[in-house]
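See below for input-v6.csv, which holds CSV, C-alpha atoms and all ligand atoms.
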```csv
chain,number,residue,atom,x,y,z
A,363,MET,CA,-37.8,6.2,5.9
A,364,VAL,CA,-34.1,5.4,6.1
A,365,GLN,CA,-33.5,2.1,7.9
A,366,LEU,CA,-30.6,2.5,10.4
A,367,SER,CA,-28.3,-0.5,10.6
A,368,GLY,CA,-26.4,-1.9,13.5
A,369,ILE,CA,-22.7,-2.7,13.5
A,370,ALA,CA,-21.1,-6.1,13.9
A,371,ILE,CA,-17.3,-6.5,14.3
A,372,THR,CA,-16.8,-9.8,12.6
A,373,GLY,CA,-13.1,-10.3,12.1
A,374,CYS,CA,-9.7,-9.1,13.2
A,375,GLY,CA,-6.1,-9.6,12.1
A,376,SER,CA,-2.6,-8.2,12.7
A,377,ALA,CA,0.9,-8.1,11.4
A,378,VAL,CA,4.3,-7.1,12.8
A,379,PRO,CA,7.8,-7.0,11.2
A,380,ASN,CA,10.0,-10.0,12.0
A,381,VAL,CA,12.9,-7.9,13.5
A,382,ALA,CA,12.7,-7.4,17.3
A,383,LEU,CA,14.9,-5.0,19.2
A,384,GLY,CA,15.1,-5.6,22.9
A,385,ASN,CA,15.8,-3.1,25.7
A,386,ASP,CA,19.4,-4.3,25.9
A,387,GLY,CA,19.9,-3.5,22.3
A,388,MET,CA,18.4,0.0,22.9
A,389,SER,CA,21.0,0.6,25.6
A,390,ARG,CA,23.7,0.1,23.0
A,391,LEU,CA,22.1,2.9,21.0
A,392,VAL,CA,21.3,5.5,23.7
A,393,ASP,CA,22.1,6.1,27.4
A,394,THR,CA,19.3,3.9,28.8
A,395,SER,CA,18.8,0.5,30.4
A,396,ASP,CA,16.4,-2.4,30.5
A,397,GLU,CA,15.6,-1.5,34.1
A,398,TRP,CA,14.6,2.1,33.2
A,399,ILE,CA,12.6,1.2,30.2
A,400,SER,CA,10.7,-1.7,31.7
A,401,THR,CA,9.9,-0.1,35.1
A,402,ARG,CA,8.9,3.3,33.5
A,403,THR,CA,7.0,2.0,30.5
A,404,GLY,CA,6.5,-1.8,30.7
A,405,ILE,CA,8.1,-2.2,27.3
A,406,ARG,CA,10.7,-5.0,26.8
A,407,GLN,CA,11.1,-5.1,23.1
A,408,ARG,CA,9.7,-3.6,19.9
A,409,ARG,CA,9.3,-4.8,16.3
A,410,LEU,CA,11.0,-2.7,13.6
A,411,ALA,CA,10.4,-2.7,9.8
A,412,ASP,CA,13.5,-2.9,7.7
A,413,ALA,CA,14.3,-0.6,4.8
A,414,GLN,CA,12.3,-2.9,2.4
A,415,GLY,CA,9.3,-3.1,4.8
A,416,SER,CA,6.3,-1.1,3.8
A,417,LEU,CA,3.2,0.1,5.6
A,418,ARG,CA,1.2,-1.2,2.7
A,419,GLN,CA,2.5,-4.7,3.3
A,420,LEU,CA,1.9,-4.8,7.1
A,421,ALA,CA,-1.6,-3.3,6.7
A,422,SER,CA,-2.6,-5.6,3.9
A,423,ASP,CA,-1.4,-8.7,5.8
A,424,ALA,CA,-3.5,-7.6,8.8
A,425,ALA,CA,-6.5,-6.9,6.6
A,426,ARG,CA,-6.3,-10.2,4.8
A,427,GLN,CA,-6.4,-12.1,8.2
A,428,ALA,CA,-9.4,-10.0,9.3
A,429,LEU,CA,-11.3,-10.7,6.1
A,430,GLU,CA,-10.5,-14.4,6.4
A,431,MET,CA,-11.8,-14.6,10.0
A,432,ALA,CA,-15.0,-12.7,9.0
A,433,ALA,CA,-15.3,-15.0,6.0
A,434,VAL,CA,-15.7,-12.0,3.7
A,435,GLN,CA,-14.3,-11.8,0.1
A,436,ALA,CA,-12.2,-8.8,-0.7
A,437,THR,CA,-14.5,-8.1,-3.6
A,438,ASP,CA,-17.4,-7.6,-1.1
A,439,VAL,CA,-15.7,-4.8,0.8
A,440,ASP,CA,-17.3,-1.4,0.3
A,441,LEU,CA,-14.8,0.8,2.1
A,442,ILE,CA,-11.2,0.6,3.4
A,443,ILE,CA,-10.2,3.1,6.1
A,444,LEU,CA,-6.5,3.2,6.9
A,445,ALA,CA,-5.7,5.0,10.2
A,446,THR,CA,-2.1,6.0,10.0
A,447,SER,CA,0.4,8.8,10.6
A,448,THR,CA,3.2,7.2,8.6
A,449,PRO,CA,1.9,6.5,5.1
A,450,ASP,CA,4.1,5.2,2.4
A,451,ASP,CA,2.8,8.1,0.3
A,452,LEU,CA,1.5,11.3,1.6
A,453,PHE,CA,-1.3,11.3,-1.0
A,454,GLY,CA,-2.5,8.2,0.9
A,455,THR,CA,-1.7,4.5,1.2
A,456,ALA,CA,-5.2,3.1,1.5
A,457,SER,CA,-5.6,2.8,-2.3
A,458,GLN,CA,-2.5,0.7,-2.5
A,459,ILE,CA,-3.9,-1.6,0.1
A,460,GLN,CA,-7.2,-1.8,-1.9
A,461,ALA,CA,-5.2,-2.9,-4.9
A,462,GLU,CA,-3.1,-5.4,-3.0
A,463,LEU,CA,-6.3,-7.0,-1.4
A,464,GLY,CA,-8.1,-7.0,-4.8
A,465,ALA,CA,-11.0,-5.1,-3.1
A,466,THR,CA,-12.1,-3.8,-6.5
A,467,ARG,CA,-15.4,-2.3,-5.4
A,468,ALA,CA,-14.0,-0.6,-2.3
A,469,ALA,CA,-13.4,3.1,-1.9
A,470,ALA,CA,-10.3,3.7,0.2
A,471,PHE,CA,-8.8,6.6,2.2
A,472,ASP,CA,-6.3,7.4,4.9
A,473,LEU,CA,-7.4,8.9,8.2
A,474,THR,CA,-4.9,10.7,10.5
A,475,ALA,CA,-5.5,11.0,14.2
A,476,ALA,CA,-2.2,9.6,15.5
A,477,CYS,CA,-2.5,7.2,18.3
A,478,SER,CA,-6.3,7.8,18.4
A,479,GLY,CA,-6.6,6.9,14.8
A,480,PHE,CA,-8.1,3.4,15.3
A,481,VAL,CA,-10.9,4.7,17.6
A,482,PHE,CA,-11.6,7.7,15.3
A,483,GLY,CA,-11.6,5.3,12.3
A,484,LEU,CA,-14.0,2.9,14.1
A,485,VAL,CA,-16.5,5.7,14.7
A,486,THR,CA,-16.1,7.1,11.2
A,487,ALA,CA,-16.7,3.6,9.7
A,488,ALA,CA,-19.7,3.2,11.9
A,489,GLN,CA,-21.4,6.3,10.5
A,490,PHE,CA,-21.3,4.8,7.0
A,491,ILE,CA,-22.8,1.5,8.2
A,492,ARG,CA,-25.5,3.2,10.4
A,493,THR,CA,-26.8,5.3,7.6
A,494,GLY,CA,-27.0,2.2,5.3
A,495,THR,CA,-24.5,3.6,2.9
A,496,TYR,CA,-22.0,0.7,3.2
A,497,ARG,CA,-22.4,-2.9,4.5
A,498,THR,CA,-18.8,-4.0,4.8
A,499,ILE,CA,-15.8,-2.0,5.9
A,500,VAL,CA,-12.2,-2.9,6.6
A,501,LEU,CA,-10.7,-0.6,9.2
A,502,ILE,CA,-6.9,-0.8,9.6
A,503,GLY,CA,-4.7,0.9,12.2
A,504,ALA,CA,-1.0,0.7,11.0
A,505,ASP,CA,2.1,2.7,11.7
A,506,VAL,CA,5.8,2.5,11.0
A,507,LEU,CA,6.9,5.1,13.5
A,508,SER,CA,10.5,3.9,13.3
A,509,ARG,CA,10.8,5.9,10.1
A,510,TRP,CA,10.2,9.1,12.1
A,511,THR,CA,11.8,8.3,15.4
A,512,ASP,CA,14.7,10.4,16.6
A,513,TRP,CA,17.0,7.5,17.3
A,514,SER,CA,19.4,9.7,19.4
A,515,ASP,CA,16.6,10.9,21.7
A,516,ARG,CA,16.3,8.4,24.6
A,517,ARG,CA,13.1,10.1,25.9
A,518,THR,CA,11.2,8.9,22.8
A,519,CYS,CA,13.1,6.3,20.8
A,520,VAL,CA,12.7,3.6,23.5
A,521,LEU,CA,8.9,3.8,23.3
A,522,PHE,CA,7.9,3.1,19.7
A,523,GLY,CA,7.5,0.1,17.5
A,524,ASP,CA,6.0,-0.8,14.1
A,525,GLY,CA,2.9,-2.9,13.4
A,526,ALA,CA,-0.6,-3.2,12.0
A,527,GLY,CA,-4.0,-4.4,13.1
A,528,ALA,CA,-7.3,-4.6,11.3
A,529,ILE,CA,-11.0,-5.3,11.8
A,530,VAL,CA,-13.9,-6.1,9.5
A,531,MET,CA,-17.1,-4.2,10.3
A,532,GLN,CA,-20.4,-5.3,8.8
A,533,SER,CA,-24.0,-4.1,9.0
A,534,THR,CA,-26.4,-6.2,10.9
A,535,SER,CA,-30.1,-6.1,11.6
A,536,GLU,CA,-29.4,-7.8,14.9
A,537,ARG,CA,-28.1,-6.1,18.0
A,538,ASP,CA,-25.8,-3.1,17.4
A,539,GLY,CA,-22.2,-3.9,18.5
A,540,LEU,CA,-21.1,-0.3,18.8
A,541,LEU,CA,-22.6,0.7,22.1
A,542,GLY,CA,-21.3,4.2,22.7
A,543,PHE,CA,-18.4,6.5,21.8
A,544,GLU,CA,-16.9,9.9,22.5
A,545,LEU,CA,-14.2,11.7,20.4
A,546,ARG,CA,-12.2,14.7,21.5
A,547,SER,CA,-9.4,17.0,20.3
A,548,ASP,CA,-7.4,19.9,21.7
A,549,GLY,CA,-5.2,21.6,19.3
A,550,ASN,CA,-4.0,24.0,21.9
A,551,GLN,CA,-1.8,21.2,23.2
A,552,ASN,CA,-0.5,20.3,19.7
A,553,ASN,CA,3.1,21.1,20.6
A,554,CYS,CA,3.2,18.3,23.2
A,555,LEU,CA,3.7,15.7,20.5
A,556,THR,CA,4.6,16.5,17.0
A,557,LEU,CA,6.0,15.0,13.7
A,558,ALA,CA,6.0,18.4,12.0
A,559,PHE,CA,6.7,19.6,8.6
A,560,GLN,CA,9.5,22.2,8.6
A,561,PRO,CA,9.4,24.4,5.5
A,562,GLN,CA,12.4,26.4,4.2
A,563,PRO,CA,11.7,29.3,1.9
A,564,HIS,CA,12.3,28.3,-1.7
A,565,HIS,CA,12.5,31.2,-4.2
A,566,LEU,CA,10.7,30.5,-7.4
A,567,VAL,CA,10.4,33.7,-9.6
A,568,ASP,CA,10.0,37.4,-9.0
A,569,ASP,CA,9.0,37.9,-5.3
A,570,ILE,CA,7.3,34.4,-5.1
A,571,ALA,CA,8.7,32.0,-2.6
A,572,ILE,CA,7.1,28.8,-1.4
A,573,GLY,CA,8.0,26.5,1.5
A,574,GLN,CA,9.7,23.3,0.9
A,575,GLY,CA,11.3,21.0,3.4
A,576,SER,CA,10.9,17.8,5.2
A,577,PHE,CA,9.2,16.3,8.3
A,578,GLN,CA,11.1,16.6,11.6
A,579,PRO,CA,11.4,13.5,13.8
A,580,ILE,CA,8.9,12.8,16.6
A,581,ALA,CA,9.2,15.2,19.5
A,582,MET,CA,7.3,14.7,22.7
A,583,ASN,CA,6.8,16.3,26.1
A,584,GLY,CA,6.3,13.0,27.8
A,585,GLN,CA,5.3,14.3,31.2
A,586,GLU,CA,2.6,16.6,29.7
A,587,VAL,CA,1.2,13.8,27.5
A,588,TYR,CA,1.3,11.4,30.5
A,589,ARG,CA,-0.7,13.9,32.7
A,590,PHE,CA,-3.2,14.5,29.8
A,591,ALA,CA,-3.8,10.8,29.2
A,592,VAL,CA,-4.3,9.8,32.9
A,593,LYS,CA,-6.8,12.7,33.3
A,594,LYS,CA,-8.7,12.7,30.0
A,595,VAL,CA,-8.9,9.0,29.1
A,596,PRO,CA,-11.0,8.0,32.2
A,597,GLU,CA,-13.4,10.9,31.5
A,598,VAL,CA,-13.9,10.0,27.9
A,599,ILE,CA,-14.5,6.3,28.8
A,600,GLU,CA,-17.1,7.4,31.4
A,601,LYS,CA,-18.8,9.5,28.7
A,602,ALA,CA,-18.9,6.7,26.2
A,603,LEU,CA,-20.2,4.3,28.9
A,604,PHE,CA,-23.0,6.9,29.8
A,605,ARG,CA,-24.0,6.9,26.1
A,606,ALA,CA,-24.0,3.1,26.1
A,607,HIS,CA,-26.2,3.0,29.2
A,608,LEU,CA,-23.6,0.8,30.8
A,609,SER,CA,-21.7,0.9,34.1
A,610,VAL,CA,-18.0,0.3,34.5
A,611,GLU,CA,-18.8,-3.1,36.0
A,612,GLN,CA,-20.4,-4.2,32.8
A,613,ILE,CA,-17.1,-3.9,30.8
A,614,ASP,CA,-15.4,-7.2,30.2
A,615,TRP,CA,-12.2,-5.7,28.9
A,616,LEU,CA,-10.3,-2.4,29.0
A,617,LEU,CA,-8.3,-2.0,25.8
A,618,LEU,CA,-6.3,1.2,25.9
A,619,HIS,CA,-3.8,2.5,23.4
A,620,GLN,CA,-0.6,0.7,24.4
A,621,ALA,CA,1.6,3.8,25.3
A,622,ASN,CA,2.8,3.0,28.8
A,623,GLN,CA,1.9,0.3,31.4
A,624,ARG,CA,1.7,3.0,34.1
A,625,ILE,CA,-1.0,4.8,32.1
A,626,LEU,CA,-3.0,1.6,31.7
A,627,ASP,CA,-2.7,0.9,35.4
A,628,ALA,CA,-3.6,4.5,36.4
A,629,VAL,CA,-6.6,4.6,34.1
A,630,ALA,CA,-7.9,1.2,35.3
A,631,GLN,CA,-7.4,2.3,38.9
A,632,ARG,CA,-9.3,5.6,38.4
A,633,LEU,CA,-12.2,3.7,36.8
A,634,GLY,CA,-12.1,0.9,39.4
A,635,ILE,CA,-11.4,-1.8,36.8
A,636,PRO,CA,-9.4,-4.8,38.1
A,637,ASP,CA,-6.1,-5.7,36.5
A,638,GLU,CA,-7.3,-9.0,35.0
A,639,LYS,CA,-9.7,-7.0,32.7
A,640,VAL,CA,-6.8,-4.9,31.4
A,641,ILE,CA,-5.4,-6.0,28.0
A,642,SER,CA,-1.7,-5.3,27.7
A,643,ASN,CA,0.8,-6.4,25.1
A,644,MET,CA,3.2,-3.4,25.0
A,645,ALA,CA,6.0,-5.5,26.6
A,646,GLN,CA,6.3,-7.2,23.2
A,647,TYR,CA,5.6,-4.4,20.8
A,648,GLY,CA,6.0,-1.0,22.5
A,649,ASN,CA,3.8,1.8,21.3
A,650,THR,CA,2.7,1.1,17.8
A,651,SER,CA,0.4,4.2,17.5
A,652,ALA,CA,-2.7,3.6,15.5
A,653,ALA,CA,-1.9,-0.2,15.4
A,654,SER,CA,-1.8,-0.8,19.1
A,655,ILE,CA,-5.5,-1.3,19.8
A,656,PRO,CA,-6.3,-3.7,16.9
A,657,LEU,CA,-3.0,-5.5,17.4
A,658,ALA,CA,-3.8,-6.2,21.0
A,659,LEU,CA,-7.4,-7.1,20.1
A,660,ASP,CA,-6.3,-9.6,17.6
A,661,GLU,CA,-4.0,-11.3,20.1
A,662,VAL,CA,-6.7,-11.7,22.8
A,663,VAL,CA,-9.3,-12.8,20.3
A,664,ARG,CA,-7.0,-15.5,18.8
A,665,SER,CA,-5.8,-16.7,22.2
A,666,GLY,CA,-9.5,-17.1,23.2
A,667,ARG,CA,-9.3,-14.7,26.1
A,668,VAL,CA,-11.9,-12.5,24.5
A,669,GLN,CA,-15.1,-14.4,23.7
A,670,PRO,CA,-18.0,-13.5,21.4
A,671,GLY,CA,-20.4,-11.1,23.2
A,672,ASP,CA,-17.7,-9.6,25.4
A,673,VAL,CA,-18.0,-5.9,25.9
A,674,ILE,CA,-14.7,-4.0,25.3
A,675,ALA,CA,-14.0,-0.4,26.3
A,676,ALA,CA,-11.3,0.9,23.9
A,677,ALA,CA,-9.6,4.3,24.2
A,678,GLY,CA,-7.0,5.9,22.1
A,679,PHE,CA,-5.0,9.1,23.0
A,680,GLY,CA,-2.1,10.9,21.6
A,681,ALA,CA,-0.9,13.6,19.2
A,682,GLY,CA,-3.3,16.3,18.1
A,683,LEU,CA,-3.9,16.2,20.9
A,684,THR,CA,-6.7,13.7,20.3
A,685,TRP,CA,-8.4,11.2,22.5
A,686,GLY,CA,-11.5,9.0,22.2
A,687,ALA,CA,-13.3,6.0,23.5
A,688,ALA,CA,-15.5,3.4,21.9
A,689,ILE,CA,-17.5,0.7,23.7
A,690,PHE,CA,-18.1,-2.2,21.5
A,691,ARG,CA,-19.1,-5.9,21.6
A,692,TRP,CA,-16.8,-8.5,20.0
A,693,ARG,CA,-18.9,-10.3,17.5
B,701,LIG,O1,1.4,7.4,22.0
B,701,LIG,C1,1.2,8.7,22.3
B,701,LIG,C2,1.0,9.0,23.7
B,701,LIG,N1,2.2,9.0,24.4
B,701,LIG,C3,2.2,8.8,25.7
B,701,LIG,O2,1.2,8.5,26.3
B,701,LIG,C4,3.5,8.9,26.4
B,701,LIG,C5,3.3,9.5,27.8
B,701,LIG,N2,4.5,9.7,28.6
B,701,LIG,C6,5.1,8.7,29.1
B,701,LIG,O3,4.8,7.5,29.0
B,701,LIG,C7,6.3,9.0,30.1
B,701,LIG,O4,6.3,10.4,30.3
B,701,LIG,C8,7.7,8.6,29.5
B,701,LIG,C9,7.8,7.1,29.4
B,701,LIG,C10,7.8,9.2,28.1
B,701,LIG,C11,8.8,9.1,30.4
B,701,LIG,O5,8.6,8.6,31.7
B,701,LIG,P1,8.7,9.6,32.9
B,701,LIG,O6,8.5,8.8,34.2
B,701,LIG,O7,7.7,10.7,32.7
B,701,LIG,O8,10.1,10.2,32.8
B,701,LIG,P2,10.7,11.7,32.8
B,701,LIG,O9,10.4,12.2,31.4
B,701,LIG,O10,10.1,12.4,33.9
B,701,LIG,O11,12.2,11.5,33.0
B,701,LIG,C12,12.7,11.1,34.3
B,701,LIG,C13,14.2,10.9,34.1
B,701,LIG,C14,14.9,12.1,33.5
B,701,LIG,O12,16.1,12.2,34.2
B,701,LIG,P3,16.4,13.4,35.3
B,701,LIG,O13,16.1,14.7,34.6
B,701,LIG,O14,15.4,13.1,36.4
B,701,LIG,O15,17.8,13.2,35.6
B,701,LIG,C15,15.1,11.7,32.1
B,701,LIG,O16,16.2,12.3,31.5
B,701,LIG,O17,14.5,9.8,33.3
B,701,LIG,C16,15.4,10.2,32.3
B,701,LIG,N3,15.1,9.4,31.1
B,701,LIG,C17,15.7,8.3,30.8
B,701,LIG,N4,16.6,7.6,31.5
B,701,LIG,C18,17.0,6.4,30.9
B,701,LIG,C19,14.2,9.7,30.1
B,701,LIG,N5,14.2,8.7,29.2
B,701,LIG,C20,15.1,7.8,29.6
B,701,LIG,C21,15.6,6.6,29.1
B,701,LIG,N6,16.5,5.9,29.8
B,701,LIG,N7,15.1,6.1,27.9
```

Could you spell out this file's structure in structure tokens?
Ligand code: UT7
Amino acid sequence: MVQLSGIAITGCGSAVPNVALGNDGMSRLVDTSDEWISTRTGIRQRRLADAQGSLRQLASDAARQALEMAAVQATDVDLIILATSTPDDLFGTASQIQAELGATRAAAFDLTAACSGFVFGLVTAAQFIRTGTYRTIVLIGADVLSRWTDWSDRRTCVLFGDGAGAIVMQSTSERDGLLGFELRSDGNQNNCLTLAFQPQPHHLVDDIAIGQGSFQPIAMNGQEVYRFAVKKVPEVIEKALFRAHLSVEQIDWLLLHQANQRILDAVAQRLGIPDEKVISNMAQYGNTSAASIPLALDEVVRSGRVQPGDVIAAAGFGAGLTWGAAIFRWR
């Protein structure tokens, strides 16, 4: 009989570029103000990778820290999952990270689920551990959205920042740290938030033409995405809690994708979760897409706010549209 394993999250890490752009700087770029950005979003600054900065480097730095905290050697890692929408190479960046870490035994692949990527990756990684296939997995959420931001569009450019966060997940015969989850997608609303390839016909020979082109900058219907998030995120958290046989009161921390402070507040209010349990660091980093949850996790773990045994309800939401929640125990 197959012995099902439990999951322990044993390490975390994060990395952000050195360059910070504050709201006053943004207002020199587009017609906006610190007052508008901070009251409508809670964001005060964002970190931006420079032209030499790579996703590989940010992701590898975050992963190294997570491995160190978990006291795991890179050579003991079985699998690396990189959740990202902004790879250095469309064929995948995870293998470059595998090489950079020296994780010679590890298989590595990219996973794309936009701002839900970390939660989707967590659940994907958990399946490999639960089945006993792998014992040690590094999950990274990393994005360099600045590459694909339309810097002339004030409705979106003020929101995003660059960064990376990582966790180490290991099998355990003790209590299972992934208590419940729920993942959802709705492609009918895909056009609300896109970073789409736009092909132009390119004639080859005879009557054969293929499509070649480039990706268009991020476009978002902010109000639609806002409405979607505030409605769907509480639902998916409740579903994951139901699966975990937990009540809302048993959550120690609410850790949402850091898109907008108003979304965090509205979701917490709908669920009846008090402000002091809501983790928020978007003032410093903006919306870092797949990185936002592990980046915030790393901060609260390293500051000592989150303690071993604490139960965290995490939820990602964004392009796809995708959304999902995972209830997990820290260590
Ligand atoms: O990570 C993926 C998930 N993404 C999200 O969850 C984002 C969800 N959406 C949001 O967070 C919000 O919809 C935004 C922050 C994007 C926008 O906030 P809003 O309160 O929904 O603003 P709005 O789009 O309704 O715009 C209100 C006004 C408009 O002006 P008028 O038409 O009322 O005159 C906009 O043109 O604010 C204007 N505006 C701005 N003004 C100054 C929009 N962006 C800006 C800006 N600075 N940066």

Quiz item: Neighbours of A:Ile405 within 9 Å (all atoms listed in the file; same-chain residues fewer than 6 positions away dropped), as a PyMOL selection string?
Solution: chain A and resi 384-385+396+399+520-521+622-623+643-649

Self-check item: Neighbourhood of ligand LIG 701 (chain B) at 6 Å, counting only C-alpha atoms and all ligand atoms, reported as a PyMOL selection string
Solution: chain A and resi 394-395+398-399+402-403+477+516-517+520+584-585+587-588+621-622+651+680

Quiz item: Which residue, A:Val500, A:Ala581, A:Leu429, A:Ile613, has the smallest gap to A:Gly671 when you use only C-alpha atoms?
Solution: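 Once distances to A:Gly671 are computed over only C-alpha atoms, the minimum belongs to A:Ile613.
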
Quiz item: Could you pull the residues within 10 Å of A:Val592, counting all atoms listed in the file, minus those fewer than 5 positions along the same chain, as a VMD selection string?
Solution: chain A and resid 587 597 624 to 630 632 679

Self-check item: Protein and nucleic acid residues near (7.5, 23.0, 10.1) (cut-off 8 Å, only C-alpha atoms) as a PyMOL selection string
Solution: chain A and resi 558-561+575-578

Please, what is the axis-aligned box for every listed atom of stretch 433-438 of chain A with 8 Å on each side, as centre and edge lengths in Å to one decimal, as lines of an AutoDock Vina configuration file?
```
center_x = -14.8
center_y = -11.3
center_z = 1.2
size_x = 21.2
size_y = 23.4
size_z = 25.6
```

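Going from atom CA of A:Ile442 to atom CA of A:Lys601 covers 27.9 Å.
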
Quiz prompt | Contacts of stretch 369-381 of chain A at 7 Å (all atoms listed in the file; same-chain gap of 4+ positions) as an MDAnalysis selection string | solution = chainID A and resid 409:411 420 423:425 427:429 431:432 488 491 524:534 538:540 657 660 692:693

Quiz item: So which one's closest to A:Arg426, A:Leu501, A:Ala413, A:Ala469, A:Pro579? Using only C-alpha atoms, please.
Solution: A:Leu501

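Of the listed residues A:Phe453, A:Phe471, A:Phe690, A:Trp513, the one whose atoms come nearest to A:Arg390 is A:Trp513, with distances taken using only C-alpha atoms.
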
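Distances to A:Ile459 were evaluated for A:Val481, A:Ala476, A:Ala421, A:Val439 using only C-alpha atoms, and the minimum falls at A:Ala421.
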
Self-check item: Straight-line distance linking atom CA of A:Phe590 with atom CA of A:Leu683, stated in Å to one decimal
Solution: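 Result for atom CA of A:Phe590 versus atom CA of A:Leu683: 9.1 Å, one decimal.
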
All heavy atoms for stretch 611-617 of chain A, written as a PDB file, in the coordinates of the input, could you do that?
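Printed below is selection_31.pdb as written:
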```
ATOM      1  N   GLU A 611     -18.793  -1.694  35.689  1.00  0.00           N
ATOM      2  CA  GLU A 611     -18.800  -3.100  36.000  1.00  0.00           C
ATOM      3  C   GLU A 611     -19.205  -4.004  34.849  1.00  0.00           C
ATOM      4  O   GLU A 611     -18.884  -5.191  34.802  1.00  0.00           O
ATOM      5  CB  GLU A 611     -19.740  -3.416  37.211  1.00  0.00           C
ATOM      6  CG  GLU A 611     -19.317  -2.828  38.546  1.00  0.00           C
ATOM      7  CD  GLU A 611     -19.461  -1.309  38.584  1.00  0.00           C
ATOM      8  OE1 GLU A 611     -20.399  -0.772  37.959  1.00  0.00           O
ATOM      9  OE2 GLU A 611     -18.607  -0.664  39.237  1.00  0.00           O
ATOM     10  N   GLN A 612     -19.923  -3.416  33.903  1.00  0.00           N
ATOM     11  CA  GLN A 612     -20.400  -4.200  32.800  1.00  0.00           C
ATOM     12  C   GLN A 612     -19.367  -4.354  31.650  1.00  0.00           C
ATOM     13  O   GLN A 612     -19.603  -5.057  30.678  1.00  0.00           O
ATOM     14  CB  GLN A 612     -21.703  -3.611  32.221  1.00  0.00           C
ATOM     15  CG  GLN A 612     -22.861  -3.824  33.180  1.00  0.00           C
ATOM     16  CD  GLN A 612     -24.091  -3.038  32.753  1.00  0.00           C
ATOM     17  OE1 GLN A 612     -24.133  -1.818  32.816  1.00  0.00           O
ATOM     18  NE2 GLN A 612     -25.104  -3.750  32.294  1.00  0.00           N
ATOM     19  N   ILE A 613     -18.220  -3.698  31.819  1.00  0.00           N
ATOM     20  CA  ILE A 613     -17.100  -3.900  30.800  1.00  0.00           C
ATOM     21  C   ILE A 613     -16.413  -5.182  31.111  1.00  0.00           C
ATOM     22  O   ILE A 613     -16.044  -5.464  32.248  1.00  0.00           O
ATOM     23  CB  ILE A 613     -16.078  -2.735  30.985  1.00  0.00           C
ATOM     24  CG1 ILE A 613     -16.701  -1.368  30.744  1.00  0.00           C
ATOM     25  CG2 ILE A 613     -14.925  -2.941  30.025  1.00  0.00           C
ATOM     26  CD1 ILE A 613     -15.721  -0.245  31.066  1.00  0.00           C
ATOM     27  N   ASP A 614     -16.215  -5.968  30.060  1.00  0.00           N
ATOM     28  CA  ASP A 614     -15.400  -7.200  30.200  1.00  0.00           C
ATOM     29  C   ASP A 614     -13.937  -6.924  30.092  1.00  0.00           C
ATOM     30  O   ASP A 614     -13.124  -7.590  30.736  1.00  0.00           O
ATOM     31  CB  ASP A 614     -15.859  -8.237  29.192  1.00  0.00           C
ATOM     32  CG  ASP A 614     -17.293  -8.686  29.407  1.00  0.00           C
ATOM     33  OD1 ASP A 614     -17.588  -9.153  30.520  1.00  0.00           O
ATOM     34  OD2 ASP A 614     -18.120  -8.529  28.488  1.00  0.00           O
ATOM     35  N   TRP A 615     -13.588  -5.966  29.207  1.00  0.00           N
ATOM     36  CA  TRP A 615     -12.200  -5.700  28.900  1.00  0.00           C
ATOM     37  C   TRP A 615     -11.914  -4.220  28.759  1.00  0.00           C
ATOM     38  O   TRP A 615     -12.704  -3.525  28.122  1.00  0.00           O
ATOM     39  CB  TRP A 615     -11.734  -6.417  27.641  1.00  0.00           C
ATOM     40  CG  TRP A 615     -11.944  -7.890  27.696  1.00  0.00           C
ATOM     41  CD1 TRP A 615     -12.971  -8.592  27.140  1.00  0.00           C
ATOM     42  CD2 TRP A 615     -11.120  -8.842  28.368  1.00  0.00           C
ATOM     43  NE1 TRP A 615     -12.838  -9.927  27.417  1.00  0.00           N
ATOM     44  CE2 TRP A 615     -11.711 -10.113  28.169  1.00  0.00           C
ATOM     45  CE3 TRP A 615      -9.943  -8.761  29.117  1.00  0.00           C
ATOM     46  CZ2 TRP A 615     -11.162 -11.285  28.694  1.00  0.00           C
ATOM     47  CZ3 TRP A 615      -9.398  -9.920  29.634  1.00  0.00           C
ATOM     48  CH2 TRP A 615     -10.004 -11.158  29.420  1.00  0.00           C
ATOM     49  N   LEU A 616     -10.782  -3.766  29.289  1.00  0.00           N
ATOM     50  CA  LEU A 616     -10.300  -2.400  29.000  1.00  0.00           C
ATOM     51  C   LEU A 616      -9.143  -2.508  28.049  1.00  0.00           C
ATOM     52  O   LEU A 616      -8.136  -3.168  28.337  1.00  0.00           O
ATOM     53  CB  LEU A 616      -9.834  -1.756  30.342  1.00  0.00           C
ATOM     54  CG  LEU A 616      -9.307  -0.320  30.206  1.00  0.00           C
ATOM     55  CD1 LEU A 616     -10.431   0.637  29.804  1.00  0.00           C
ATOM     56  CD2 LEU A 616      -8.669   0.150  31.516  1.00  0.00           C
ATOM     57  N   LEU A 617      -9.314  -1.892  26.894  1.00  0.00           N
ATOM     58  CA  LEU A 617      -8.300  -2.000  25.800  1.00  0.00           C
ATOM     59  C   LEU A 617      -7.843  -0.599  25.452  1.00  0.00           C
ATOM     60  O   LEU A 617      -8.432   0.055  24.592  1.00  0.00           O
ATOM     61  CB  LEU A 617      -8.903  -2.748  24.621  1.00  0.00           C
ATOM     62  CG  LEU A 617      -8.046  -2.880  23.368  1.00  0.00           C
ATOM     63  CD1 LEU A 617      -6.629  -3.303  23.679  1.00  0.00           C
ATOM     64  CD2 LEU A 617      -8.680  -3.858  22.398  1.00  0.00           C
TER      65      LEU A 617
END
```
